[in-house]
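Heads up, the thing below is written out as structure tokens.
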Number of protein chains: 2
Amino acid sequence: MTRDAACELCAQPGGLLVHRTARWRVIRAADADHPGFYRVIWNAHVAEWTDLPPADRGAMLAAVEAVEQVLRDRLKPTKINLASLGNVVPHLHWHVIARFEWDARWPQPVWASRQRDVAGAEQRLALPLDLLDQAVARALAALA
Amino acid sequence: MTRDAACELCAQPGGLLVHRTARWRVIRAADADHPGFYRVIWNAHVAEWTDLPPADRGAMLAAVEAVEQVLRDRLKPTKINLASLGNVVPHLHWHVIARFEWDARWPQPVWASRQRDVAGAEQRLALPLDLLDQAVARALAALA
């Protein structure tokens, strides 16, 4: 598997590991402002989406879609945000983020400046994060 | 086709129209800071990626990938950024953006605050935008 010694997503999980397969893994980001925030990370060091062979894109996208569906079902977010940027860490990963009208940066993307201070965002979710992680892990395990 | 009378992407093309099919269209955004910036817009009013039936997702993703590939081939960007956000306009669209180390917000996402002033960004591209639009349109026409 291709690795880059200088890449933090080659060296570390990149967040709280929720589910891992041979090709990709899903972590939950530790973002107090946006608690329903997961990333699907390709395990090998690949930069761009179209660097992946189509079959691998399909496998990774299925994981992105499974996370999106769990977030929609369990959290009823105002909107899902999907993004593959990688400017800072050019190792292919998809952000899958549940966004809410009450969140700290709504309606801006999570990378914009804070629009308001929101205390206890995690407690506003419809279920505790450990149960959400379990629901995400079950959905991902069902893909295999 | 589902339409929302209050939605600007139901009422207007949403940018310079580059290619249109029955289900989706591609426009170029008028963003002087990030000139290699296209959007793939689903024509019907749908909010979330997983609202689309899988076959439609495949058709839309093929368009996203075709735009990405043209941008990579023609502009040799530092990175491609892909995103489907829709917080402000909840009508399904994918941003496909060529990013460069010299651009005004690098390495931040284009929605973050400006990191530097860059005059004449369009002139720094490897080819004029009208020729880039033509290359994108040809790649998209070849999908049908």
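By convention in this document, the chains of the structure tokens carry letters A, B, ... by their order, each chain's residues are numbered from 1, and ligands are numbered from 1 in the order they are shown.
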
Put chain B on top of chain A with a least-squares fit on all C-alpha atoms, paired in order, and send it back as a PDB file with C-alpha atoms, in the first residue's frame.
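Contents of the output file part_26.pdb:
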```
ATOM      1  CA  MET B   1       0.000   0.010  -0.001  1.00  0.00           C
ATOM      2  CA  THR B   2       1.323   3.440  -0.946  1.00  0.00           C
ATOM      3  CA  ARG B   3       2.416   5.470   2.053  1.00  0.00           C
ATOM      4  CA  ASP B   4       3.977   8.902   2.452  1.00  0.00           C
ATOM      5  CA  ALA B   5       6.227   9.154   5.487  1.00  0.00           C
ATOM      6  CA  ALA B   6       5.419  12.846   5.905  1.00  0.00           C
ATOM      7  CA  CYS B   7       1.628  12.414   5.723  1.00  0.00           C
ATOM      8  CA  GLU B   8      -0.342  12.561   8.941  1.00  0.00           C
ATOM      9  CA  LEU B   9      -3.165  10.427   7.512  1.00  0.00           C
ATOM     10  CA  CYS B  10      -0.622   7.722   6.648  1.00  0.00           C
ATOM     11  CA  ALA B  11       0.847   7.872  10.158  1.00  0.00           C
ATOM     12  CA  GLN B  12      -2.284   8.247  12.278  1.00  0.00           C
ATOM     13  CA  PRO B  13      -5.977   7.311  12.201  1.00  0.00           C
ATOM     14  CA  GLY B  14      -6.883  11.013  11.876  1.00  0.00           C
ATOM     15  CA  GLY B  15      -9.615  10.987  14.526  1.00  0.00           C
ATOM     16  CA  LEU B  16     -11.632   8.573  16.609  1.00  0.00           C
ATOM     17  CA  LEU B  17     -11.674   5.343  14.629  1.00  0.00           C
ATOM     18  CA  VAL B  18     -15.255   4.168  14.012  1.00  0.00           C
ATOM     19  CA  HIS B  19     -14.772   1.460  11.387  1.00  0.00           C
ATOM     20  CA  ARG B  20     -11.874   0.189   9.332  1.00  0.00           C
ATOM     21  CA  THR B  21     -11.661  -1.993   6.235  1.00  0.00           C
ATOM     22  CA  ALA B  22      -8.671  -2.981   4.118  1.00  0.00           C
ATOM     23  CA  ARG B  23      -9.190  -0.020   1.766  1.00  0.00           C
ATOM     24  CA  TRP B  24     -10.790   2.748   3.829  1.00  0.00           C
ATOM     25  CA  ARG B  25     -11.621   3.779   7.354  1.00  0.00           C
ATOM     26  CA  VAL B  26     -14.119   6.109   8.978  1.00  0.00           C
ATOM     27  CA  ILE B  27     -13.229   8.371  11.860  1.00  0.00           C
ATOM     28  CA  ARG B  28     -15.192  10.906  13.837  1.00  0.00           C
ATOM     29  CA  ALA B  29     -13.585  14.323  13.948  1.00  0.00           C
ATOM     30  CA  ALA B  30     -13.216  15.938  17.348  1.00  0.00           C
ATOM     31  CA  ASP B  31     -14.996  19.195  16.509  1.00  0.00           C
ATOM     32  CA  ALA B  32     -16.920  20.622  19.455  1.00  0.00           C
ATOM     33  CA  ASP B  33     -18.684  23.125  17.178  1.00  0.00           C
ATOM     34  CA  HIS B  34     -19.813  20.437  14.694  1.00  0.00           C
ATOM     35  CA  PRO B  35     -20.173  17.207  16.631  1.00  0.00           C
ATOM     36  CA  GLY B  36     -21.794  15.173  13.840  1.00  0.00           C
ATOM     37  CA  PHE B  37     -18.648  15.246  11.719  1.00  0.00           C
ATOM     38  CA  TYR B  38     -17.118  12.098  10.229  1.00  0.00           C
ATOM     39  CA  ARG B  39     -14.410  11.494   7.641  1.00  0.00           C
ATOM     40  CA  VAL B  40     -14.052   8.602   5.224  1.00  0.00           C
ATOM     41  CA  ILE B  41     -10.319   8.203   4.636  1.00  0.00           C
ATOM     42  CA  TRP B  42      -8.728   6.095   1.918  1.00  0.00           C
ATOM     43  CA  ASN B  43      -5.999   4.056   3.598  1.00  0.00           C
ATOM     44  CA  ALA B  44      -3.404   4.267   0.817  1.00  0.00           C
ATOM     45  CA  HIS B  45      -1.794   7.604   0.061  1.00  0.00           C
ATOM     46  CA  VAL B  46      -3.712   8.940  -2.932  1.00  0.00           C
ATOM     47  CA  ALA B  47      -4.343  12.642  -3.500  1.00  0.00           C
ATOM     48  CA  GLU B  48      -7.235  13.087  -5.923  1.00  0.00           C
ATOM     49  CA  TRP B  49     -10.596  11.392  -6.305  1.00  0.00           C
ATOM     50  CA  THR B  50      -9.866  10.576  -9.961  1.00  0.00           C
ATOM     51  CA  ASP B  51      -6.568   8.950  -8.934  1.00  0.00           C
ATOM     52  CA  LEU B  52      -8.693   6.090  -7.602  1.00  0.00           C
ATOM     53  CA  PRO B  53      -9.742   3.365 -10.039  1.00  0.00           C
ATOM     54  CA  PRO B  54     -13.536   3.474 -10.579  1.00  0.00           C
ATOM     55  CA  ALA B  55     -14.184   0.343  -8.500  1.00  0.00           C
ATOM     56  CA  ASP B  56     -12.378   1.906  -5.554  1.00  0.00           C
ATOM     57  CA  ARG B  57     -14.338   5.128  -5.999  1.00  0.00           C
ATOM     58  CA  GLY B  58     -17.519   3.091  -5.795  1.00  0.00           C
ATOM     59  CA  ALA B  59     -16.396   1.421  -2.571  1.00  0.00           C
ATOM     60  CA  MET B  60     -15.407   4.723  -0.977  1.00  0.00           C
ATOM     61  CA  LEU B  61     -18.544   6.519  -2.125  1.00  0.00           C
ATOM     62  CA  ALA B  62     -20.702   3.739  -0.679  1.00  0.00           C
ATOM     63  CA  ALA B  63     -19.075   4.445   2.693  1.00  0.00           C
ATOM     64  CA  VAL B  64     -19.678   8.196   2.323  1.00  0.00           C
ATOM     65  CA  GLU B  65     -23.319   7.541   1.462  1.00  0.00           C
ATOM     66  CA  ALA B  66     -23.765   5.139   4.372  1.00  0.00           C
ATOM     67  CA  VAL B  67     -22.468   7.753   6.808  1.00  0.00           C
ATOM     68  CA  GLU B  68     -24.674  10.422   5.234  1.00  0.00           C
ATOM     69  CA  GLN B  69     -27.725   8.194   5.550  1.00  0.00           C
ATOM     70  CA  VAL B  70     -27.094   7.423   9.226  1.00  0.00           C
ATOM     71  CA  LEU B  71     -26.602  11.113   9.997  1.00  0.00           C
ATOM     72  CA  ARG B  72     -29.830  11.957   8.174  1.00  0.00           C
ATOM     73  CA  ASP B  73     -31.805   9.190   9.845  1.00  0.00           C
ATOM     74  CA  ARG B  74     -30.532   9.715  13.374  1.00  0.00           C
ATOM     75  CA  LEU B  75     -29.861  13.458  13.612  1.00  0.00           C
ATOM     76  CA  LYS B  76     -32.344  14.969  11.130  1.00  0.00           C
ATOM     77  CA  PRO B  77     -29.816  17.675  10.258  1.00  0.00           C
ATOM     78  CA  THR B  78     -30.786  20.824   8.391  1.00  0.00           C
ATOM     79  CA  LYS B  79     -28.270  19.832   5.704  1.00  0.00           C
ATOM     80  CA  ILE B  80     -25.489  17.369   5.014  1.00  0.00           C
ATOM     81  CA  ASN B  81     -22.187  18.798   3.818  1.00  0.00           C
ATOM     82  CA  LEU B  82     -19.874  16.596   1.745  1.00  0.00           C
ATOM     83  CA  ALA B  83     -16.390  17.666   0.724  1.00  0.00           C
ATOM     84  CA  SER B  84     -13.078  16.306  -0.476  1.00  0.00           C
ATOM     85  CA  LEU B  85     -10.539  19.110  -0.265  1.00  0.00           C
ATOM     86  CA  GLY B  86      -7.111  17.957   0.920  1.00  0.00           C
ATOM     87  CA  ASN B  87      -5.256  21.229   0.460  1.00  0.00           C
ATOM     88  CA  VAL B  88      -3.496  20.859   3.803  1.00  0.00           C
ATOM     89  CA  VAL B  89      -3.374  17.056   3.894  1.00  0.00           C
ATOM     90  CA  PRO B  90      -3.394  15.802   0.282  1.00  0.00           C
ATOM     91  CA  HIS B  91      -4.458  12.277   1.240  1.00  0.00           C
ATOM     92  CA  LEU B  92      -7.902  11.403  -0.084  1.00  0.00           C
ATOM     93  CA  HIS B  93     -10.633  11.858   2.516  1.00  0.00           C
ATOM     94  CA  TRP B  94     -14.290  12.856   2.448  1.00  0.00           C
ATOM     95  CA  HIS B  95     -15.813  15.075   5.079  1.00  0.00           C
ATOM     96  CA  VAL B  96     -19.393  14.064   5.931  1.00  0.00           C
ATOM     97  CA  ILE B  97     -20.891  16.678   8.227  1.00  0.00           C
ATOM     98  CA  ALA B  98     -24.331  17.072   9.770  1.00  0.00           C
ATOM     99  CA  ARG B  99     -25.178  20.777   9.795  1.00  0.00           C
ATOM    100  CA  PHE B 100     -27.851  22.519  11.827  1.00  0.00           C
ATOM    101  CA  GLU B 101     -29.376  25.974  11.768  1.00  0.00           C
ATOM    102  CA  TRP B 102     -28.230  26.404  15.349  1.00  0.00           C
ATOM    103  CA  ASP B 103     -24.592  25.437  14.754  1.00  0.00           C
ATOM    104  CA  ALA B 104     -21.680  27.816  15.190  1.00  0.00           C
ATOM    105  CA  ARG B 105     -21.036  28.474  11.489  1.00  0.00           C
ATOM    106  CA  TRP B 106     -24.445  27.999   9.883  1.00  0.00           C
ATOM    107  CA  PRO B 107     -25.107  28.756   7.042  1.00  0.00           C
ATOM    108  CA  GLN B 108     -21.420  29.056   6.216  1.00  0.00           C
ATOM    109  CA  PRO B 109     -19.222  26.006   5.562  1.00  0.00           C
ATOM    110  CA  VAL B 110     -17.440  24.695   8.658  1.00  0.00           C
ATOM    111  CA  TRP B 111     -14.189  26.215   7.342  1.00  0.00           C
ATOM    112  CA  ALA B 112     -15.548  29.770   7.447  1.00  0.00           C
ATOM    113  CA  SER B 113     -15.334  32.012  10.489  1.00  0.00           C
ATOM    114  CA  ARG B 114     -17.656  31.379  13.426  1.00  0.00           C
ATOM    115  CA  GLN B 115     -21.038  33.077  13.138  1.00  0.00           C
ATOM    116  CA  ARG B 116     -22.023  32.610  16.791  1.00  0.00           C
ATOM    117  CA  ASP B 117     -20.941  30.874  19.979  1.00  0.00           C
ATOM    118  CA  VAL B 118     -22.834  27.680  20.730  1.00  0.00           C
ATOM    119  CA  ALA B 119     -22.241  25.992  24.066  1.00  0.00           C
ATOM    120  CA  GLY B 120     -22.835  22.271  24.389  1.00  0.00           C
ATOM    121  CA  ALA B 121     -23.428  21.520  20.718  1.00  0.00           C
ATOM    122  CA  GLU B 122     -22.964  17.800  21.362  1.00  0.00           C
ATOM    123  CA  GLN B 123     -25.869  17.813  23.832  1.00  0.00           C
ATOM    124  CA  ARG B 124     -28.169  19.250  21.167  1.00  0.00           C
ATOM    125  CA  LEU B 125     -27.871  16.138  19.020  1.00  0.00           C
ATOM    126  CA  ALA B 126     -30.763  13.686  19.050  1.00  0.00           C
ATOM    127  CA  LEU B 127     -28.548  10.931  20.474  1.00  0.00           C
ATOM    128  CA  PRO B 128     -25.227  10.613  22.342  1.00  0.00           C
ATOM    129  CA  LEU B 129     -22.130  10.447  20.153  1.00  0.00           C
ATOM    130  CA  ASP B 130     -21.174   6.954  21.296  1.00  0.00           C
ATOM    131  CA  LEU B 131     -24.537   5.649  20.096  1.00  0.00           C
ATOM    132  CA  LEU B 132     -24.180   7.600  16.856  1.00  0.00           C
ATOM    133  CA  ASP B 133     -20.735   6.076  16.331  1.00  0.00           C
ATOM    134  CA  GLN B 134     -22.231   2.626  16.865  1.00  0.00           C
ATOM    135  CA  ALA B 135     -24.967   3.286  14.319  1.00  0.00           C
ATOM    136  CA  VAL B 136     -22.389   4.499  11.791  1.00  0.00           C
ATOM    137  CA  ALA B 137     -20.187   1.456  12.441  1.00  0.00           C
ATOM    138  CA  ARG B 138     -23.118  -0.935  11.960  1.00  0.00           C
ATOM    139  CA  ALA B 139     -24.089   0.690   8.669  1.00  0.00           C
ATOM    140  CA  LEU B 140     -20.494   0.476   7.425  1.00  0.00           C
ATOM    141  CA  ALA B 141     -20.079  -3.142   8.530  1.00  0.00           C
ATOM    142  CA  ALA B 142     -23.186  -3.984   6.506  1.00  0.00           C
ATOM    143  CA  LEU B 143     -21.479  -2.730   3.321  1.00  0.00           C
ATOM    144  CA  ALA B 144     -18.822  -5.433   3.306  1.00  0.00           C
TER     145      ALA B 144
END
```

Alpha helix (DSSP H) call set, DSSP backbone run, chain A, as a ChimeraX atom specification: /A:8-11,54-75,121-124,129-141

All strand (DSSP E) positions in chain A, as a PDB file with N, CA and C atoms, in the first residue's frame:
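Saved to out23.pdb:
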```pdb
ATOM      1  N   LEU A  16     -11.153   9.748  15.884  1.00  0.00           N
ATOM      2  CA  LEU A  16     -11.626   8.578  16.630  1.00  0.00           C
ATOM      3  C   LEU A  16     -12.063   7.510  15.621  1.00  0.00           C
ATOM      4  N   LEU A  17     -11.376   6.381  15.627  1.00  0.00           N
ATOM      5  CA  LEU A  17     -11.670   5.347  14.630  1.00  0.00           C
ATOM      6  C   LEU A  17     -13.029   4.706  14.899  1.00  0.00           C
ATOM      7  N   VAL A  18     -13.887   4.715  13.892  1.00  0.00           N
ATOM      8  CA  VAL A  18     -15.246   4.170  14.011  1.00  0.00           C
ATOM      9  C   VAL A  18     -15.361   2.824  13.298  1.00  0.00           C
ATOM     10  N   HIS A  19     -14.720   2.728  12.144  1.00  0.00           N
ATOM     11  CA  HIS A  19     -14.769   1.471  11.389  1.00  0.00           C
ATOM     12  C   HIS A  19     -13.604   1.468  10.409  1.00  0.00           C
ATOM     13  N   ARG A  20     -13.007   0.303  10.236  1.00  0.00           N
ATOM     14  CA  ARG A  20     -11.865   0.216   9.326  1.00  0.00           C
ATOM     15  C   ARG A  20     -11.999  -1.014   8.448  1.00  0.00           C
ATOM     16  N   TRP A  24     -10.422   1.442   3.264  1.00  0.00           N
ATOM     17  CA  TRP A  24     -10.788   2.752   3.814  1.00  0.00           C
ATOM     18  C   TRP A  24     -11.139   2.618   5.287  1.00  0.00           C
ATOM     19  N   ARG A  25     -11.177   3.743   5.958  1.00  0.00           N
ATOM     20  CA  ARG A  25     -11.603   3.786   7.355  1.00  0.00           C
ATOM     21  C   ARG A  25     -12.491   5.008   7.554  1.00  0.00           C
ATOM     22  N   VAL A  26     -13.274   4.972   8.620  1.00  0.00           N
ATOM     23  CA  VAL A  26     -14.114   6.118   8.976  1.00  0.00           C
ATOM     24  C   VAL A  26     -13.746   6.534  10.389  1.00  0.00           C
ATOM     25  N   ILE A  27     -13.508   7.804  10.543  1.00  0.00           N
ATOM     26  CA  ILE A  27     -13.220   8.363  11.865  1.00  0.00           C
ATOM     27  C   ILE A  27     -14.268   9.443  12.168  1.00  0.00           C
ATOM     28  N   ARG A  28     -14.430   9.718  13.462  1.00  0.00           N
ATOM     29  CA  ARG A  28     -15.206  10.896  13.843  1.00  0.00           C
ATOM     30  C   ARG A  28     -14.231  11.992  14.218  1.00  0.00           C
ATOM     31  N   PHE A  37     -19.640  14.988  12.767  1.00  0.00           N
ATOM     32  CA  PHE A  37     -18.648  15.254  11.719  1.00  0.00           C
ATOM     33  C   PHE A  37     -17.758  14.009  11.598  1.00  0.00           C
ATOM     34  N   TYR A  38     -17.895  13.308  10.482  1.00  0.00           N
ATOM     35  CA  TYR A  38     -17.111  12.095  10.222  1.00  0.00           C
ATOM     36  C   TYR A  38     -16.259  12.315   8.976  1.00  0.00           C
ATOM     37  N   ARG A  39     -15.221  11.477   8.878  1.00  0.00           N
ATOM     38  CA  ARG A  39     -14.414  11.487   7.649  1.00  0.00           C
ATOM     39  C   ARG A  39     -14.222  10.060   7.164  1.00  0.00           C
ATOM     40  N   VAL A  40     -14.386   9.872   5.869  1.00  0.00           N
ATOM     41  CA  VAL A  40     -14.047   8.606   5.222  1.00  0.00           C
ATOM     42  C   VAL A  40     -12.675   8.811   4.599  1.00  0.00           C
ATOM     43  N   ILE A  41     -11.715   8.027   5.040  1.00  0.00           N
ATOM     44  CA  ILE A  41     -10.317   8.216   4.641  1.00  0.00           C
ATOM     45  C   ILE A  41      -9.850   6.987   3.868  1.00  0.00           C
ATOM     46  N   TRP A  42      -9.326   7.209   2.684  1.00  0.00           N
ATOM     47  CA  TRP A  42      -8.730   6.112   1.921  1.00  0.00           C
ATOM     48  C   TRP A  42      -7.425   5.723   2.618  1.00  0.00           C
ATOM     49  N   LYS A  79     -28.938  20.137   6.974  1.00  0.00           N
ATOM     50  CA  LYS A  79     -28.270  19.834   5.701  1.00  0.00           C
ATOM     51  C   LYS A  79     -27.060  18.950   5.967  1.00  0.00           C
ATOM     52  N   ILE A  80     -26.757  18.102   5.013  1.00  0.00           N
ATOM     53  CA  ILE A  80     -25.498  17.369   5.016  1.00  0.00           C
ATOM     54  C   ILE A  80     -24.496  18.138   4.156  1.00  0.00           C
ATOM     55  N   ASN A  81     -23.270  18.234   4.629  1.00  0.00           N
ATOM     56  CA  ASN A  81     -22.193  18.798   3.820  1.00  0.00           C
ATOM     57  C   ASN A  81     -21.197  17.691   3.496  1.00  0.00           C
ATOM     58  N   LEU A  82     -20.880  17.558   2.213  1.00  0.00           N
ATOM     59  CA  LEU A  82     -19.871  16.596   1.741  1.00  0.00           C
ATOM     60  C   LEU A  82     -18.731  17.379   1.102  1.00  0.00           C
ATOM     61  N   ALA A  83     -17.506  16.973   1.373  1.00  0.00           N
ATOM     62  CA  ALA A  83     -16.394  17.659   0.720  1.00  0.00           C
ATOM     63  C   ALA A  83     -15.146  16.806   0.731  1.00  0.00           C
ATOM     64  N   SER A  84     -14.406  16.886  -0.364  1.00  0.00           N
ATOM     65  CA  SER A  84     -13.075  16.305  -0.482  1.00  0.00           C
ATOM     66  C   SER A  84     -12.157  17.433  -0.929  1.00  0.00           C
ATOM     67  N   HIS A  93      -9.652  12.052   1.436  1.00  0.00           N
ATOM     68  CA  HIS A  93     -10.636  11.866   2.511  1.00  0.00           C
ATOM     69  C   HIS A  93     -11.863  12.705   2.206  1.00  0.00           C
ATOM     70  N   TRP A  94     -12.999  12.158   2.612  1.00  0.00           N
ATOM     71  CA  TRP A  94     -14.272  12.857   2.439  1.00  0.00           C
ATOM     72  C   TRP A  94     -14.796  13.298   3.797  1.00  0.00           C
ATOM     73  N   HIS A  95     -15.120  14.553   3.903  1.00  0.00           N
ATOM     74  CA  HIS A  95     -15.820  15.079   5.074  1.00  0.00           C
ATOM     75  C   HIS A  95     -17.315  14.815   4.897  1.00  0.00           C
ATOM     76  N   VAL A  96     -17.939  14.272   5.924  1.00  0.00           N
ATOM     77  CA  VAL A  96     -19.395  14.062   5.926  1.00  0.00           C
ATOM     78  C   VAL A  96     -19.900  14.703   7.215  1.00  0.00           C
ATOM     79  N   ILE A  97     -20.611  15.807   7.066  1.00  0.00           N
ATOM     80  CA  ILE A  97     -20.887  16.666   8.223  1.00  0.00           C
ATOM     81  C   ILE A  97     -22.381  16.954   8.325  1.00  0.00           C
ATOM     82  N   ALA A  98     -22.951  16.687   9.493  1.00  0.00           N
ATOM     83  CA  ALA A  98     -24.337  17.073   9.769  1.00  0.00           C
ATOM     84  C   ALA A  98     -24.350  18.531  10.197  1.00  0.00           C
ATOM     85  N   ARG A  99     -25.108  19.343   9.493  1.00  0.00           N
ATOM     86  CA  ARG A  99     -25.180  20.781   9.793  1.00  0.00           C
ATOM     87  C   ARG A  99     -26.572  21.140  10.294  1.00  0.00           C
TER      88      ARG A  99
END
```
